[in-house]
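Structure below is protein-v1.tsv: TSV, C-alpha atoms and all ligand atoms.
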```tsv
chain	number	residue	atom	x	y	z
A	1	MET	CA	-9.54	8.88	23.05
A	2	GLU	CA	-11.27	5.79	21.65
A	3	LEU	CA	-12.24	5.99	17.97
A	4	ASP	CA	-15.93	5.73	17.12
A	5	LYS	CA	-17.20	2.21	16.47
A	6	LYS	CA	-17.82	2.75	12.77
A	7	THR	CA	-14.20	3.81	12.22
A	8	GLN	CA	-12.90	0.85	14.24
A	9	ALA	CA	-15.02	-1.65	12.29
A	10	GLY	CA	-14.10	0.04	9.01
A	11	LEU	CA	-10.36	-0.15	9.74
A	12	TYR	CA	-10.72	-3.84	10.57
A	13	GLU	CA	-12.80	-4.59	7.46
A	14	THR	CA	-10.25	-2.91	5.19
A	15	MET	CA	-7.34	-4.81	6.74
A	16	LEU	CA	-9.22	-8.10	6.53
A	17	THR	CA	-10.19	-7.50	2.88
A	18	ILE	CA	-6.52	-6.94	2.05
A	19	ARG	CA	-5.51	-10.05	4.01
A	20	ARG	CA	-8.07	-12.31	2.33
A	21	PHE	CA	-7.28	-10.89	-1.11
A	22	GLU	CA	-3.58	-11.48	-0.57
A	23	GLU	CA	-4.10	-14.99	0.81
A	24	HIS	CA	-6.02	-15.86	-2.34
A	25	VAL	CA	-3.28	-14.41	-4.56
A	26	ALA	CA	-0.53	-16.25	-2.66
A	27	ARG	CA	-2.33	-19.60	-2.97
A	28	GLU	CA	-2.88	-19.08	-6.66
A	29	VAL	CA	0.73	-18.05	-7.32
A	30	PHE	CA	2.03	-21.10	-5.43
A	31	ASP	CA	-0.36	-23.35	-7.38
A	32	GLY	CA	0.86	-21.86	-10.67
A	33	HIS	CA	-2.46	-20.26	-11.63
A	34	ILE	CA	-1.12	-16.69	-11.56
A	35	VAL	CA	1.99	-15.93	-13.57
A	36	GLY	CA	4.38	-12.98	-13.29
A	37	PHE	CA	5.66	-11.33	-10.15
A	38	ALA	CA	3.36	-10.61	-7.21
A	39	HIS	CA	4.66	-8.91	-4.06
A	40	SER	CA	2.50	-9.74	-1.07
A	41	TYR	CA	1.29	-7.02	1.30
A	42	ILE	CA	0.50	-9.50	4.08
A	43	GLY	CA	1.82	-8.14	7.38
A	44	GLN	CA	1.62	-4.47	6.37
A	45	GLU	CA	-2.19	-4.06	6.15
A	46	ALA	CA	-2.47	-1.52	8.98
A	47	VAL	CA	-0.49	1.08	7.04
A	48	ALA	CA	-2.73	1.28	3.97
A	49	ALA	CA	-5.91	0.96	6.04
A	50	GLY	CA	-4.94	3.59	8.62
A	51	VAL	CA	-3.79	6.17	6.09
A	52	CYS	CA	-6.44	5.79	3.37
A	53	ARG	CA	-9.35	6.02	5.82
A	54	HIS	CA	-8.70	9.80	5.86
A	55	LEU	CA	-8.87	10.23	2.09
A	56	THR	CA	-11.71	11.09	-0.29
A	57	VAL	CA	-11.91	10.01	-3.94
A	58	LYS	CA	-10.58	13.45	-4.86
A	59	ASP	CA	-7.33	12.80	-3.00
A	60	LYS	CA	-4.70	10.88	-4.96
A	61	ILE	CA	-2.46	8.03	-3.95
A	62	VAL	CA	0.55	6.57	-5.72
A	63	SER	CA	1.75	3.10	-4.85
A	64	ASN	CA	4.77	0.87	-5.46
A	65	HIS	CA	5.44	-2.76	-6.44
A	66	ARG	CA	3.76	-4.02	-3.20
A	67	GLY	CA	0.55	-2.23	-4.06
A	68	HIS	CA	-2.54	-4.44	-3.68
A	69	GLY	CA	-3.24	-3.20	-0.16
A	70	HIS	CA	-2.99	0.47	-1.11
A	71	CYS	CA	-5.45	-0.06	-3.99
A	72	ILE	CA	-8.00	-1.87	-1.81
A	73	ALA	CA	-7.76	0.68	0.99
A	74	LYS	CA	-8.29	3.54	-1.52
A	75	GLY	CA	-11.47	1.85	-2.74
A	76	ALA	CA	-10.34	0.30	-6.02
A	77	ASP	CA	-12.71	-2.27	-7.50
A	78	VAL	CA	-11.50	-5.67	-6.23
A	79	ASN	CA	-13.15	-7.53	-9.10
A	80	ARG	CA	-11.17	-5.59	-11.67
A	81	MET	CA	-8.01	-5.81	-9.54
A	82	MET	CA	-8.32	-9.59	-9.35
A	83	ALA	CA	-8.99	-9.85	-13.11
A	84	GLU	CA	-5.89	-7.73	-13.76
A	85	ILE	CA	-3.71	-10.02	-11.65
A	86	TYR	CA	-4.90	-12.99	-13.73
A	87	GLY	CA	-4.16	-11.03	-16.95
A	88	LYS	CA	-7.83	-10.93	-17.95
A	89	LYS	CA	-9.58	-8.51	-20.31
A	90	ASP	CA	-11.86	-7.07	-17.60
A	91	GLY	CA	-8.88	-6.16	-15.43
A	92	CYS	CA	-8.34	-2.49	-14.59
A	93	CYS	CA	-5.57	-2.33	-17.25
A	94	LYS	CA	-7.35	-4.75	-19.60
A	95	GLY	CA	-5.05	-7.51	-18.40
A	96	LYS	CA	-1.88	-5.95	-19.78
A	97	GLY	CA	-0.37	-4.58	-16.57
A	98	GLY	CA	-0.68	-7.32	-13.97
A	99	SER	CA	0.00	-7.09	-10.25
A	100	MET	CA	2.56	-4.29	-10.41
A	101	HIS	CA	0.56	-1.91	-12.61
A	102	ILE	CA	-2.84	-1.76	-11.01
A	103	ALA	CA	-4.47	1.67	-11.25
A	104	ASP	CA	-7.99	2.99	-10.74
A	105	PHE	CA	-8.12	6.66	-11.64
A	106	GLY	CA	-11.83	6.83	-10.79
A	107	VAL	CA	-11.03	6.52	-7.08
A	108	GLY	CA	-7.80	8.55	-7.19
A	109	MET	CA	-5.47	5.55	-7.31
A	110	LEU	CA	-2.85	6.70	-9.81
A	111	GLY	CA	-0.99	3.44	-10.07
A	112	ALA	CA	1.43	0.89	-8.74
A	113	ASP	CA	4.91	0.76	-10.23
A	114	GLY	CA	7.65	-1.82	-10.70
A	115	ILE	CA	10.44	0.76	-10.68
A	116	VAL	CA	11.52	1.36	-7.10
A	117	GLY	CA	11.10	5.04	-6.23
A	118	ALA	CA	9.25	5.95	-9.43
A	119	GLY	CA	5.99	6.75	-7.63
A	120	LEU	CA	7.64	9.58	-5.69
A	121	PRO	CA	7.96	12.14	-8.51
A	122	ILE	CA	4.52	11.14	-9.83
A	123	SER	CA	3.00	11.92	-6.44
A	124	THR	CA	4.92	15.19	-6.32
A	125	GLY	CA	3.21	16.15	-9.57
A	126	ALA	CA	-0.18	15.06	-8.22
A	127	ALA	CA	0.37	17.18	-5.11
A	128	LEU	CA	1.42	20.17	-7.23
A	129	ALA	CA	-1.80	19.78	-9.25
A	130	ALA	CA	-3.83	19.59	-6.02
A	131	LYS	CA	-2.17	22.74	-4.74
A	132	LEU	CA	-2.77	24.65	-7.99
A	133	GLU	CA	-6.44	23.58	-7.98
A	134	GLY	CA	-6.76	25.04	-4.47
A	135	LYS	CA	-9.51	22.70	-3.28
A	136	LYS	CA	-7.67	21.31	-0.24
A	137	ASN	CA	-7.18	17.89	-1.83
A	138	VAL	CA	-3.98	16.01	-1.03
A	139	ALA	CA	-1.68	13.34	-2.44
A	140	VAL	CA	-0.14	10.39	-0.60
A	141	VAL	CA	2.75	8.24	-1.75
A	142	PHE	CA	3.56	4.79	-0.35
A	143	PHE	CA	7.12	3.50	-0.67
A	144	GLY	CA	9.58	1.23	1.11
A	145	ASP	CA	12.78	1.80	3.06
A	146	GLY	CA	14.71	0.70	-0.04
A	147	ALA	CA	13.21	3.51	-2.12
A	148	CYS	CA	14.72	6.05	0.29
A	149	ASN	CA	18.12	5.27	-1.22
A	150	GLU	CA	17.00	6.34	-4.71
A	151	GLY	CA	17.72	9.80	-6.13
A	152	GLU	CA	14.06	10.40	-6.94
A	153	PHE	CA	13.23	10.24	-3.25
A	154	HIS	CA	15.51	13.17	-2.46
A	155	GLU	CA	14.37	15.19	-5.47
A	156	SER	CA	10.73	14.70	-4.46
A	157	LEU	CA	11.37	15.70	-0.84
A	158	ASN	CA	13.17	18.80	-2.02
A	159	LEU	CA	10.45	19.92	-4.45
A	160	ALA	CA	7.65	19.13	-2.00
A	161	GLY	CA	9.58	21.12	0.60
A	162	ILE	CA	10.27	24.26	-1.43
A	163	TRP	CA	6.78	24.34	-2.97
A	164	LYS	CA	5.02	23.41	0.32
A	165	LEU	CA	3.03	20.73	-1.46
A	166	PRO	CA	0.11	18.87	0.16
A	167	LEU	CA	1.99	15.56	-0.04
A	168	LEU	CA	2.18	12.85	2.62
A	169	PHE	CA	5.23	10.61	2.27
A	170	VAL	CA	4.40	7.22	3.81
A	171	CYS	CA	7.51	5.11	4.23
A	172	GLU	CA	6.68	1.49	4.98
A	173	ASN	CA	9.86	0.51	6.73
A	174	ASN	CA	9.78	-3.28	6.71
A	175	GLY	CA	13.49	-3.41	7.43
A	176	TYR	CA	14.61	-4.84	4.08
A	177	GLY	CA	14.95	-4.20	0.38
A	178	VAL	CA	14.68	-7.78	-0.91
A	179	ASN	CA	17.21	-9.43	1.47
A	180	THR	CA	19.36	-6.37	2.19
A	181	PRO	CA	18.77	-4.91	5.67
A	182	ALA	CA	17.98	-1.20	5.80
A	183	SER	CA	20.54	-0.99	8.61
A	184	TYR	CA	23.22	-1.85	6.04
A	185	ALA	CA	21.89	0.10	3.07
A	186	MET	CA	20.96	3.47	4.55
A	187	ALA	CA	23.78	5.87	5.49
A	188	ALA	CA	21.40	8.19	7.36
A	189	GLY	CA	20.53	5.50	9.92
A	190	ASP	CA	17.12	6.66	11.10
A	191	ILE	CA	14.96	7.35	8.03
A	192	THR	CA	13.35	10.44	9.54
A	193	ARG	CA	16.73	12.19	9.61
A	194	ILE	CA	16.30	12.58	5.84
A	195	PRO	CA	12.99	14.54	5.79
A	196	GLU	CA	14.33	16.43	8.82
A	197	ALA	CA	17.19	17.68	6.64
A	198	TYR	CA	14.61	18.99	4.15
A	199	HIS	CA	12.64	20.72	6.97
A	200	ILE	CA	9.68	18.39	6.44
A	201	ALA	CA	7.49	17.58	9.46
A	202	ASN	CA	7.90	13.91	10.30
A	203	ALA	CA	6.95	11.15	12.71
A	204	THR	CA	7.60	7.46	13.26
A	205	VAL	CA	4.79	5.10	14.22
A	206	GLU	CA	4.27	1.46	15.06
A	207	GLY	CA	3.06	0.40	11.63
A	208	ASN	CA	1.29	-2.75	12.82
A	209	ASP	CA	-1.00	-0.74	15.09
A	210	VAL	CA	-3.78	0.48	12.81
A	211	GLU	CA	-5.03	3.07	15.28
A	212	ALA	CA	-1.55	4.52	15.75
A	213	VAL	CA	-1.21	4.83	11.98
A	214	TYR	CA	-4.73	6.30	11.73
A	215	GLU	CA	-4.02	8.95	14.37
A	216	ALA	CA	-0.65	9.99	12.97
A	217	ALA	CA	-1.87	10.05	9.37
A	218	GLY	CA	-4.94	12.04	10.42
A	219	ALA	CA	-2.83	14.74	12.04
A	220	ALA	CA	-0.52	14.88	9.01
A	221	ILE	CA	-3.35	15.04	6.47
A	222	GLU	CA	-5.08	17.83	8.42
A	223	ARG	CA	-1.84	19.77	8.19
A	224	LEU	CA	-1.69	19.18	4.44
A	225	ARG	CA	-5.26	20.40	4.01
A	226	ARG	CA	-4.41	23.54	5.98
A	227	GLY	CA	-1.69	24.26	3.41
A	228	GLU	CA	1.20	23.91	5.86
A	229	GLY	CA	3.38	21.84	3.54
A	230	PRO	CA	4.35	18.18	3.21
A	231	CYS	CA	4.62	15.58	5.97
A	232	PHE	CA	6.55	12.34	6.31
A	233	LEU	CA	5.35	9.28	8.19
A	234	GLU	CA	7.63	6.33	8.82
A	235	CYS	CA	5.63	3.19	9.64
A	236	LYS	CA	7.66	0.35	11.13
A	237	THR	CA	6.26	-2.92	9.88
A	238	TYR	CA	7.21	-6.28	8.34
A	239	ARG	CA	6.28	-8.41	5.33
A	240	TRP	CA	5.48	-12.05	6.03
A	241	HIS	CA	6.35	-13.60	2.68
A	242	THR	CA	9.54	-13.66	0.67
A	243	HIS	CA	10.20	-10.46	-1.34
A	244	PHE	CA	7.96	-11.70	-4.16
A	245	LEU	CA	5.77	-14.78	-3.95
A	246	SER	CA	7.74	-17.84	-5.00
A	247	LYS	CA	8.57	-21.26	-3.65
A	248	ASP	CA	11.93	-21.06	-5.38
A	249	ILE	CA	13.57	-18.11	-3.65
A	250	GLU	CA	15.19	-18.19	-0.26
A	251	ASP	CA	14.22	-15.91	2.61
A	252	LEU	CA	17.51	-14.85	4.19
A	253	ARG	CA	15.89	-13.00	7.08
A	254	PRO	CA	16.34	-14.57	10.54
A	255	LYS	CA	13.62	-17.17	11.21
A	256	GLY	CA	13.09	-15.92	14.77
A	257	GLU	CA	12.57	-12.39	13.51
A	258	ILE	CA	9.89	-13.52	11.03
A	259	ALA	CA	8.12	-15.51	13.76
A	260	ALA	CA	8.23	-12.60	16.22
A	261	TRP	CA	6.59	-10.23	13.72
A	262	LYS	CA	3.89	-12.78	12.88
A	263	GLU	CA	2.99	-12.73	16.58
A	264	ARG	CA	2.26	-9.04	16.07
A	265	CYS	CA	-0.20	-9.66	13.23
A	266	PRO	CA	-1.99	-6.33	12.61
A	267	VAL	CA	-5.26	-8.01	11.65
A	268	ALA	CA	-5.57	-10.62	14.41
A	269	THR	CA	-4.43	-8.28	17.18
A	270	TYR	CA	-7.01	-5.71	16.12
A	271	ALA	CA	-9.81	-8.30	16.00
A	272	ASP	CA	-8.88	-9.28	19.58
A	273	LYS	CA	-8.93	-5.64	20.62
A	274	LEU	CA	-12.37	-5.02	19.10
A	275	LEU	CA	-13.78	-8.10	20.83
A	276	ARG	CA	-12.25	-7.13	24.18
A	277	ARG	CA	-13.59	-3.59	23.92
A	278	GLY	CA	-17.00	-4.84	22.90
A	279	THR	CA	-16.84	-2.86	19.64
A	280	LEU	CA	-17.84	-6.03	17.83
A	281	ALA	CA	-19.73	-8.95	19.35
A	282	PRO	CA	-18.38	-12.37	18.29
A	283	ALA	CA	-21.38	-12.95	15.99
A	284	ARG	CA	-20.90	-9.57	14.31
A	285	LEU	CA	-17.20	-10.31	13.81
A	286	GLN	CA	-18.08	-13.63	12.18
A	287	SER	CA	-20.62	-12.05	9.84
A	288	LEU	CA	-18.07	-9.38	8.86
A	289	GLN	CA	-15.51	-12.09	8.14
A	290	ALA	CA	-18.06	-14.00	6.01
A	291	LYS	CA	-18.93	-10.80	4.09
A	292	VAL	CA	-15.26	-10.15	3.33
A	293	GLN	CA	-14.67	-13.74	2.22
A	294	LYS	CA	-17.65	-13.52	-0.13
A	295	LYS	CA	-16.26	-10.32	-1.65
A	296	ILE	CA	-12.99	-12.11	-2.43
A	297	ASP	CA	-14.77	-15.23	-3.75
A	298	ASP	CA	-16.92	-13.01	-5.98
A	299	ALA	CA	-13.82	-11.20	-7.24
A	300	PHE	CA	-12.26	-14.53	-8.16
A	301	ALA	CA	-15.47	-15.64	-9.94
A	302	PHE	CA	-15.45	-12.34	-11.87
A	303	ALA	CA	-11.81	-12.85	-12.88
A	304	ALA	CA	-12.37	-16.49	-13.82
A	305	ALA	CA	-15.33	-15.58	-16.06
A	306	SER	CA	-13.39	-12.86	-17.89
A	307	PRO	CA	-11.63	-13.78	-21.18
A	308	TYR	CA	-7.96	-13.17	-21.91
A	309	PRO	CA	-7.29	-10.12	-24.11
A	310	LYS	CA	-7.12	-10.87	-27.83
A	311	PRO	CA	-3.63	-11.02	-29.41
A	312	GLU	CA	-4.73	-8.43	-32.00
A	313	ASP	CA	-5.40	-5.96	-29.14
A	314	ALA	CA	-1.78	-6.15	-27.95
A	315	LEU	CA	-0.89	-2.71	-29.30
A	316	ALA	CA	-4.09	-0.90	-28.27
A	317	ASP	CA	-3.55	1.66	-25.46
A	318	VAL	CA	0.22	1.39	-25.90
A	319	TYR	CA	2.03	4.70	-26.19
A	320	SER	CA	5.55	5.36	-27.41
A	321	ALA	CA	7.36	8.53	-28.33
B	1	LIG	C1	15.08	1.22	-9.77
B	1	LIG	C2	14.95	-0.19	-9.32
B	1	LIG	N1	15.98	-0.78	-8.71
B	1	LIG	C3	15.90	-2.07	-8.29
B	1	LIG	C4	14.75	-2.79	-8.52
B	1	LIG	C5	14.63	-4.22	-8.00
B	1	LIG	N2	13.82	-4.22	-6.78
B	1	LIG	C6	12.50	-4.43	-6.80
B	1	LIG	S1	11.79	-4.25	-5.29
B	1	LIG	C7	13.28	-3.93	-4.57
B	1	LIG	C8	13.40	-3.67	-3.10
B	1	LIG	C9	12.54	-2.55	-2.65
B	1	LIG	O1	12.61	-2.43	-1.27
B	1	LIG	P1	11.67	-1.44	-0.50
B	1	LIG	O2	11.59	-0.15	-1.22
B	1	LIG	O3	12.11	-1.43	0.90
B	1	LIG	O4	10.22	-2.11	-0.64
B	1	LIG	P2	9.72	-3.53	-0.07
B	1	LIG	O5	9.94	-4.52	-1.19
B	1	LIG	O6	10.51	-3.85	1.13
B	1	LIG	O7	8.28	-3.34	0.20
B	1	LIG	C10	14.30	-3.94	-5.52
B	1	LIG	C11	15.73	-3.69	-5.23
B	1	LIG	C12	13.69	-2.15	-9.18
B	1	LIG	N3	12.53	-2.76	-9.42
B	1	LIG	N4	13.79	-0.85	-9.55
B	2	MG	MG	11.53	-2.61	2.47
```
Take the structure in this file and express it as structure tokens.
Amino acid sequence: MELDKKTQAGLYETMLTIRRFEEHVAREVFDGHIVGFAHSYIGQEAVAAGVCRHLTVKDKIVSNHRGHGHCIAKGADVNRMMAEIYGKKDGCCKGKGGSMHIADFGVGMLGADGIVGAGLPISTGAALAAKLEGKKNVAVVFFGDGACNEGEFHESLNLAGIWKLPLLFVCENNGYGVNTPASYAMAAGDITRIPEAYHIANATVEGNDVEAVYEAAGAAIERLRRGEGPCFLECKTYRWHTHFLSKDIEDLRPKGEIAAWKERCPVATYADKLLRRGTLAPARLQSLQAKVQKKIDDAFAFAAASPYPKPEDALADVYSA
């Protein structure tokens, strides 16, 4: 069944916002205006957009090092995200966290994380809290194929399984952890064999097809809200850039493979689909694209106008035991 027009346009707008945000960040990293590591989400936009469309601000998400898309799809403030990436005082972490530590608790975005796999136990705790509160809210965790080889992944699956937590595991299988193919690194072979072993309902979807992700995530999240326990969604997708943005690192993935996945661009293919279906007329598509570009330009202007944090504030908001 075809999705209603508002949902279709919304899915496209979210993906395009992520794409334009990430294009800006990539340009600025390559030009040396953004320092520190930034991991681009370009190529994987359909996953964040398709999953987060089902969530309310009361639902929680936990992200990973490749987190800009998850934040945008969950409704984080792009001005404060952009300021954070530039290390500015008005950033969501006052400029002290940068790209890999963006969080916006106000919209239920509990944080990105530079430690591979670390978001999994955090999301397990968020799902336990949601269950104890009993208000049918859910938690979602985004992680890569590489994270599935971490101990925390297995511990989180086990706890979510025994406690029947309202937790959706979203594995963005882009085929690689840095340059190491998942086919080499993962003894289980198919990722879904792992949640299967923990008796967790699971499915694999074409992660570049936003409607496929939307449908599968919708069914899983309904299950969570009914209290039927956790679900696992493997989304097969691909990142376009090198592992982190840099002109100085080599991409060891086969060139033909990269080119083939770019042909399957989640954003462009969906725009074509919406035009073909008549969901959006060409003029409406153009005005949507202009609106998104303005949002990103405004976010950059906000970040540029924000000062750097003061050196004497370096220890504020820092906790240690
Ligand atoms: C515990 C830990 N081990 C290793 C690293 C270095 N590292 C950062 S990202 C990454 C690969 C992660 O791959 P995956 O989970 O598939 O996510 P992707 O980058 O493909 O989105 C590695 C090994 C790290 N940050 N943390
Ligand atoms: Mg990966």
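Counting from CA of Leu3 in chain A, the distance to CA of Ala203 in chain A is 20.6 Å.
Using all atoms listed in the file, the smallest distance between any of A:Asp209, A:Glu28, A:Asp272, A:Asp248 and Ala46 in chain A comes from A:Asp209.
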Next on the checklist: Just want the residues within 9 Å of ligand MG 2 (chain B), written as a PyMOL selection string, counting all atoms listed in the file.
Outcome noted: chain A and resi 143-147+171-182+238-239+243
| Long-range neighbours of range 275-282 of chain A as number ranges by chain, 12 Å cut-off, only C-alpha atoms, 5 positions minimum in chain | A: 2-10, 12-13, 268-270, 287-289
Produce a table with one row for each residue of range 191-300 of chain A that has an atom at most 10 Å from any atom of range 76-86 of chain A, each row naming the nearest atom pair and its distance in Å at one decimal; use all atoms listed in the file; arrange rows by chain and rising residue number; format as a tab-separated table.
```
residue	atom	partner	partner_atom	distance
A:Lys295	CA	A:Val78	CA	8.1
A:Ile296	CA	A:Val78	CA	7.6
A:Asp297	CA	A:Asn79	CA	9.5
A:Asp298	CA	A:Asn79	CA	7.3
A:Ala299	CA	A:Asn79	CA	4.2
A:Phe300	CA	A:Met82	CA	6.4
```
Where is the centre and how long are the edges: axis-aligned box on range 208-218 of chain A, 4 Å on each side, Å to one decimal, as JSON:
```
{"center_x": -1.9, "center_y": 4.6, "center_z": 12.6, "size_x": 14.3, "size_y": 22.8, "size_z": 14.4}
```
Open item on the list: At a cut-off of 6 Å, using only C-alpha atoms, what residues contact range 167-170 of chain A? Leave out same-chain residues fewer than 2 positions from it and give the result as a ChimeraX atom specification.
Closed with: /A:127,139-142,165,230-233
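Of note, CA of Pro266 in chain A and CA of Gly50 in chain A are spaced 11.1 Å apart.
Considering all atoms listed in the file, the residue among A:Val318, A:Val35, A:Met100, A:Ala212 positioned nearest to ligand LIG 1 (chain B) is A:Met100.
Distances from A:Glu234, A:Glu133, A:Glu263, A:Glu215 to ligand LIG 1 (chain B) were compared using all atoms listed in the file, and the smallest one belongs to A:Glu234.
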